[in-house]
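Engineer: The structure under discussion is supplied below as structure tokens; questions concerning it will follow.
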Amino acid sequence: MAFSMKQRANTGLARKATAATSRVPAMVVRAVAAPAPPAAATETKNAFGVFRLSYDTQNEDPSLTRSWKKTIKVAVTGASGNISNHLLFMLASGEVYGKDQPIALQLLGSERSKEALEGVAMELEDSLYPLLREVSIGTDPYEVFGDADWALMIGAKPRGPGMERADLLQQNGEIFQVQGRALNESASRNCKVIVVGNPCNTNALIAMENAPNIPRKNFHALTRLDENRAKCQLALKSGKFYTSISRMAIWGNHSTTQVPDYVNARIGGMPATDIIRDMKWFREEFTPKVALRGGALIKKWGRSSAASTAVSVADAIRSLVTPTAPGDCFSTGVISDGNPYGVRDGLIFSFPCRSKGDGDYEICDNFLVDEWLRNKIRASEDELQKEKECVSHLIGMMGGACSLRGAEDTTVPGEV
């Protein structure tokens, strides 16, 4: 088994557009190994510390390597940001993919963040994680996404003063269009993609529509933080520990139109509404407490929810690589095509899902949707359709017109 930097030819219009920007260098590979011999000095000029461009596991003691699984390649965008500062060390430690799963991290940054990215790689080196086989850094998504088994798309432009949701959709949509094309050309054909950068549902849609070589159902938008926040609120209200909460689904968009589903939620195996006998709280307070939690955190602490977001990304991955407990579910934004609840096709919509632990999933088909829940789901669906029309020019859809300008802001407060 050997690791090496791959040089990719500039092919296609999208590739040419990306190649037009300056990159010095685009990719630096830092693979866990002993120091390179002097003869390799010219080949390792971009290496750092005790890391070098190639690492041959044949040099390891067979008693150490015979039980190793095949190394998985995980690409992470926005890798020098606050969320990644928490997440990368969880990935490298084995907490996410398993204590027997070797991992190679492929980190994407910008020219402006390149030195910070090197600092992140140095910290990962110094942490001496035994499962971390390689760290590579770069500014070109076509190279960083090379053969990636997973792509965790965290990087996105933050919302600026006076910026409407429509503006954020446009600016970040352009980023995810380029990155979707890069995934299409460079990543593994079965790459699993989790989009964190907001507005994450529609950013995931843009990336998916620009990556036709990757299965549509492999694209996810992160709504697990909303699920975790909902479980927290149910636990606090009921006086039960959060592990007793099950079937807590988030429907729709990662915005204030999201629908935390108390109708199907369970506490200790009982309907949540039988444990918390307060329908006024459910209908008037529960959803705002979940949707506005990030803003409340900033007011208290002065910081955004980077750590809990990183934990929710780890939870989202674990939900796909670990079998779902019987009768339970997890929330993730996925393509709505053919769903059992009548949500229109062609949207990235959060549903209750379950997995066999093989990285795949299916949408649960046994959730009760009453009139209240159906109306709430329809409102979030309508918003996602409007977002889709705003970015129609980025996904090859004809005739779309943005009707979100001047509309009520539904961005979840406290997003990073």
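Going by the structure tokens order, chains are called A, B, ..., each with residues numbered from 1, while ligands are numbered from 1 in the order shown.
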Which polymer residues have any atom within 7 Å of an atom of A:Asn203, counting only C-alpha atoms, with same-chain residues fewer than 5 positions away left out, as a list of chain:residue names?
Structural biologist: A:Gly173, A:Phe176, A:Asn198
Engineer: Take the selection from the previous step and output its residues with all heavy atoms, as a PDB file, in the first residue's frame.
Structural biologist:
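Just written: selection-v5.pdb:
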```
ATOM      1  N   GLY A 173     -23.824  29.326  -3.623  1.00  0.00           N
ATOM      2  CA  GLY A 173     -24.195  28.439  -4.718  1.00  0.00           C
ATOM      3  C   GLY A 173     -23.109  28.334  -5.763  1.00  0.00           C
ATOM      4  O   GLY A 173     -22.855  27.254  -6.315  1.00  0.00           O
ATOM      5  N   PHE A 176     -20.491  25.937  -4.483  1.00  0.00           N
ATOM      6  CA  PHE A 176     -20.890  24.527  -4.505  1.00  0.00           C
ATOM      7  C   PHE A 176     -21.093  24.014  -5.925  1.00  0.00           C
ATOM      8  O   PHE A 176     -21.018  22.804  -6.156  1.00  0.00           O
ATOM      9  CB  PHE A 176     -22.131  24.325  -3.631  1.00  0.00           C
ATOM     10  CG  PHE A 176     -21.784  24.280  -2.165  1.00  0.00           C
ATOM     11  CD1 PHE A 176     -21.658  25.442  -1.427  1.00  0.00           C
ATOM     12  CD2 PHE A 176     -21.530  23.071  -1.539  1.00  0.00           C
ATOM     13  CE1 PHE A 176     -21.305  25.410  -0.092  1.00  0.00           C
ATOM     14  CE2 PHE A 176     -21.174  23.022  -0.201  1.00  0.00           C
ATOM     15  CZ  PHE A 176     -21.060  24.194   0.528  1.00  0.00           C
ATOM     16  N   ASN A 198     -23.940  26.614   4.805  1.00  0.00           N
ATOM     17  CA  ASN A 198     -25.324  27.034   4.604  1.00  0.00           C
ATOM     18  C   ASN A 198     -25.509  28.001   3.443  1.00  0.00           C
ATOM     19  O   ASN A 198     -24.571  28.714   3.087  1.00  0.00           O
ATOM     20  CB  ASN A 198     -25.825  27.672   5.901  1.00  0.00           C
ATOM     21  CG  ASN A 198     -26.163  26.598   6.924  1.00  0.00           C
ATOM     22  OD1 ASN A 198     -26.995  25.739   6.693  1.00  0.00           O
ATOM     23  ND2 ASN A 198     -25.473  26.643   8.047  1.00  0.00           N
TER      24      ASN A 198
END
```
Engineer: Excluding same-chain residues fewer than 5 positions from A:Tyr341, what lies within 12 Å of it counting only C-alpha atoms, as an MDAnalysis selection string?
Structural biologist: chainID A and resid 251:252 336 349:352 363:370 373:374 377:378 381
Engineer: Could you write out that same residue set with C-alpha atoms as a short mmCIF file (atom, residue, chain, number, x, y, z; two decimals), in the first residue's frame?
Structural biologist:
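Printed below is part_21.cif as written:
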```cif
data_model
loop_
_atom_site.label_atom_id
_atom_site.label_comp_id
_atom_site.auth_asym_id
_atom_site.auth_seq_id
_atom_site.Cartn_x
_atom_site.Cartn_y
_atom_site.Cartn_z
CA TRP A 251 -38.48 17.43 8.38
CA GLY A 252 -37.69 19.94 5.65
CA SER A 336 -36.83 13.70 -2.17
CA PHE A 349 -35.37 17.60 2.12
CA SER A 350 -34.82 16.32 5.65
CA PHE A 351 -36.60 13.04 6.38
CA PRO A 352 -36.50 10.38 9.10
CA ILE A 363 -36.37 6.89 4.20
CA CYS A 364 -38.60 5.52 6.97
CA ASP A 365 -42.08 4.87 5.61
CA ASN A 366 -44.01 4.36 8.85
CA PHE A 367 -44.24 7.87 10.31
CA LEU A 368 -47.67 9.31 11.07
CA VAL A 369 -48.27 12.66 9.35
CA ASP A 370 -51.30 14.41 10.85
CA LEU A 373 -47.46 18.11 10.66
CA ARG A 374 -48.49 18.03 6.99
CA ILE A 377 -43.96 20.11 6.08
CA ARG A 378 -45.65 21.82 3.14
CA GLU A 381 -41.22 22.27 1.09
#
```
Engineer: Counting only C-alpha atoms, which of A:Leu320, A:Ala230, A:Met163, A:Leu131 gets nearest to A:Gln101?
Structural biologist: A:Leu131
Engineer: Give me, as a list in words, all polymer residues having an atom no more than 8 Å from A:Asp328, counting only C-alpha atoms and skipping those fewer than 6 positions away in the same chain.
Structural biologist: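 Counting only C-alpha atoms, the residues come to Ser246, Arg247 and Arg354 of chain A.
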Engineer: Atoms to include: C-alpha atoms. Write the selected residues as a PDB file, in the first residue's frame.
Structural biologist:
```
ATOM      1  CA  SER A 246     -36.086   8.108  19.989  1.00  0.00           C
ATOM      2  CA  ARG A 247     -37.844   8.670  16.633  1.00  0.00           C
ATOM      3  CA  ARG A 354     -32.581   4.422   8.868  1.00  0.00           C
TER       4      ARG A 354
END
```
Engineer: Which residue is closest to A:Thr324? Choose from A:Trp68, A:Tyr242, A:Tyr361, A:Trp301 and count only C-alpha atoms.
Structural biologist: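 Smallest distance to A:Thr324 is found for A:Tyr361.
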Engineer: As a list of chain:residue names, please: the residues near A:Phe219 (cut-off 8 Å, only C-alpha atoms, same-chain neighbours under 3 positions excluded).
Structural biologist: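 Within the cut-off, the hits are A:Lys192, A:Val193, A:Ile194, A:Val195, A:Ala204, A:Leu205, A:Met208, A:Pro215, A:Arg216, A:Val334, A:Ile335.
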Engineer: Can you work out which one of A:Ile245, A:Thr139, A:Asp100, A:Ile298 has the shortest atom-to-atom distance to A:Lys114, counting only C-alpha atoms?
Structural biologist: A:Thr139
Engineer: What does the distance between atom CA of A:Tyr129 and atom CA of A:Gly94 come to in Å, to one decimal place?
Structural biologist: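 Atom CA of A:Gly94 lies at a distance of 8.5 Å from atom CA of A:Tyr129.
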Engineer: Please, what distance in Å, to one decimal, runs between atom CA of A:Thr243 and atom CA of A:Ile267?
Structural biologist: 8.9 Å
Engineer: Could you check which of A:Asp126, A:Asp360, A:Asp337, A:Asp345 is closest to A:Ser319, using only C-alpha atoms?
Structural biologist: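 Among A:Asp126, A:Asp360, A:Asp337, A:Asp345, it is A:Asp360 that comes nearest to A:Ser319.
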Engineer: Would you compute the distance between atom CA of A:Ala316 and atom CA of A:Glu95? Give it in Å to one decimal.
Structural biologist: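 Straight-line distance from atom CA of A:Ala316 to atom CA of A:Glu95 works out to 12.5 Å.
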Engineer: May I have the residues within 8 Å of A:Lys388 as a PyMOL selection string, using only C-alpha atoms and disregarding those fewer than 6 positions away in the same chain?
Structural biologist: chain A and resi 202+347+400
Engineer: Looking at only C-alpha atoms, which of A:Pro158, A:Lys217, A:Gly98, A:Ile206 is the one that sits closest to A:Thr322?
Structural biologist: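 Checking each of A:Pro158, A:Lys217, A:Gly98, A:Ile206 against A:Thr322, counting only C-alpha atoms, the winner is A:Gly98.
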Engineer: To test your reading of the structure, identify every residue in stretch 112-281 of chain A that backbone DSSP assigns to alpha helix (DSSP H), and report it as a PyMOL selection string.
Structural biologist: chain A and resi 114-126+141-144+165-186+200-209+224-238+272-275+279-281
Engineer: Which residue out of A:Gln106, A:Asp167, A:Ala187, A:Glu362 has the minimum interatomic distance to A:Gly406 when only C-alpha atoms are used?
Structural biologist: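 Looking at the shortest contact to A:Gly406, the residue is A:Asp167.
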Engineer: Give me the residues within 7 Å of A:Pro323 as an MDAnalysis selection string, counting only C-alpha atoms and dropping any in the same chain fewer than 2 places off.
Structural biologist: chainID A and resid 321 325 355:357
Engineer: Convert the current residue selection to file output with C-alpha atoms, as a PDB file, in the first residue's frame.
Structural biologist:
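Resulting contents of selection-v8.pdb:
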```
ATOM      1  CA  VAL A 321     -21.837   3.549   9.184  1.00  0.00           C
ATOM      2  CA  ALA A 325     -31.548   0.673  16.318  1.00  0.00           C
ATOM      3  CA  SER A 355     -29.426   2.577   7.819  1.00  0.00           C
ATOM      4  CA  LYS A 356     -27.982  -0.920   7.843  1.00  0.00           C
ATOM      5  CA  GLY A 357     -24.578   0.598   8.630  1.00  0.00           C
TER       6      GLY A 357
END
```
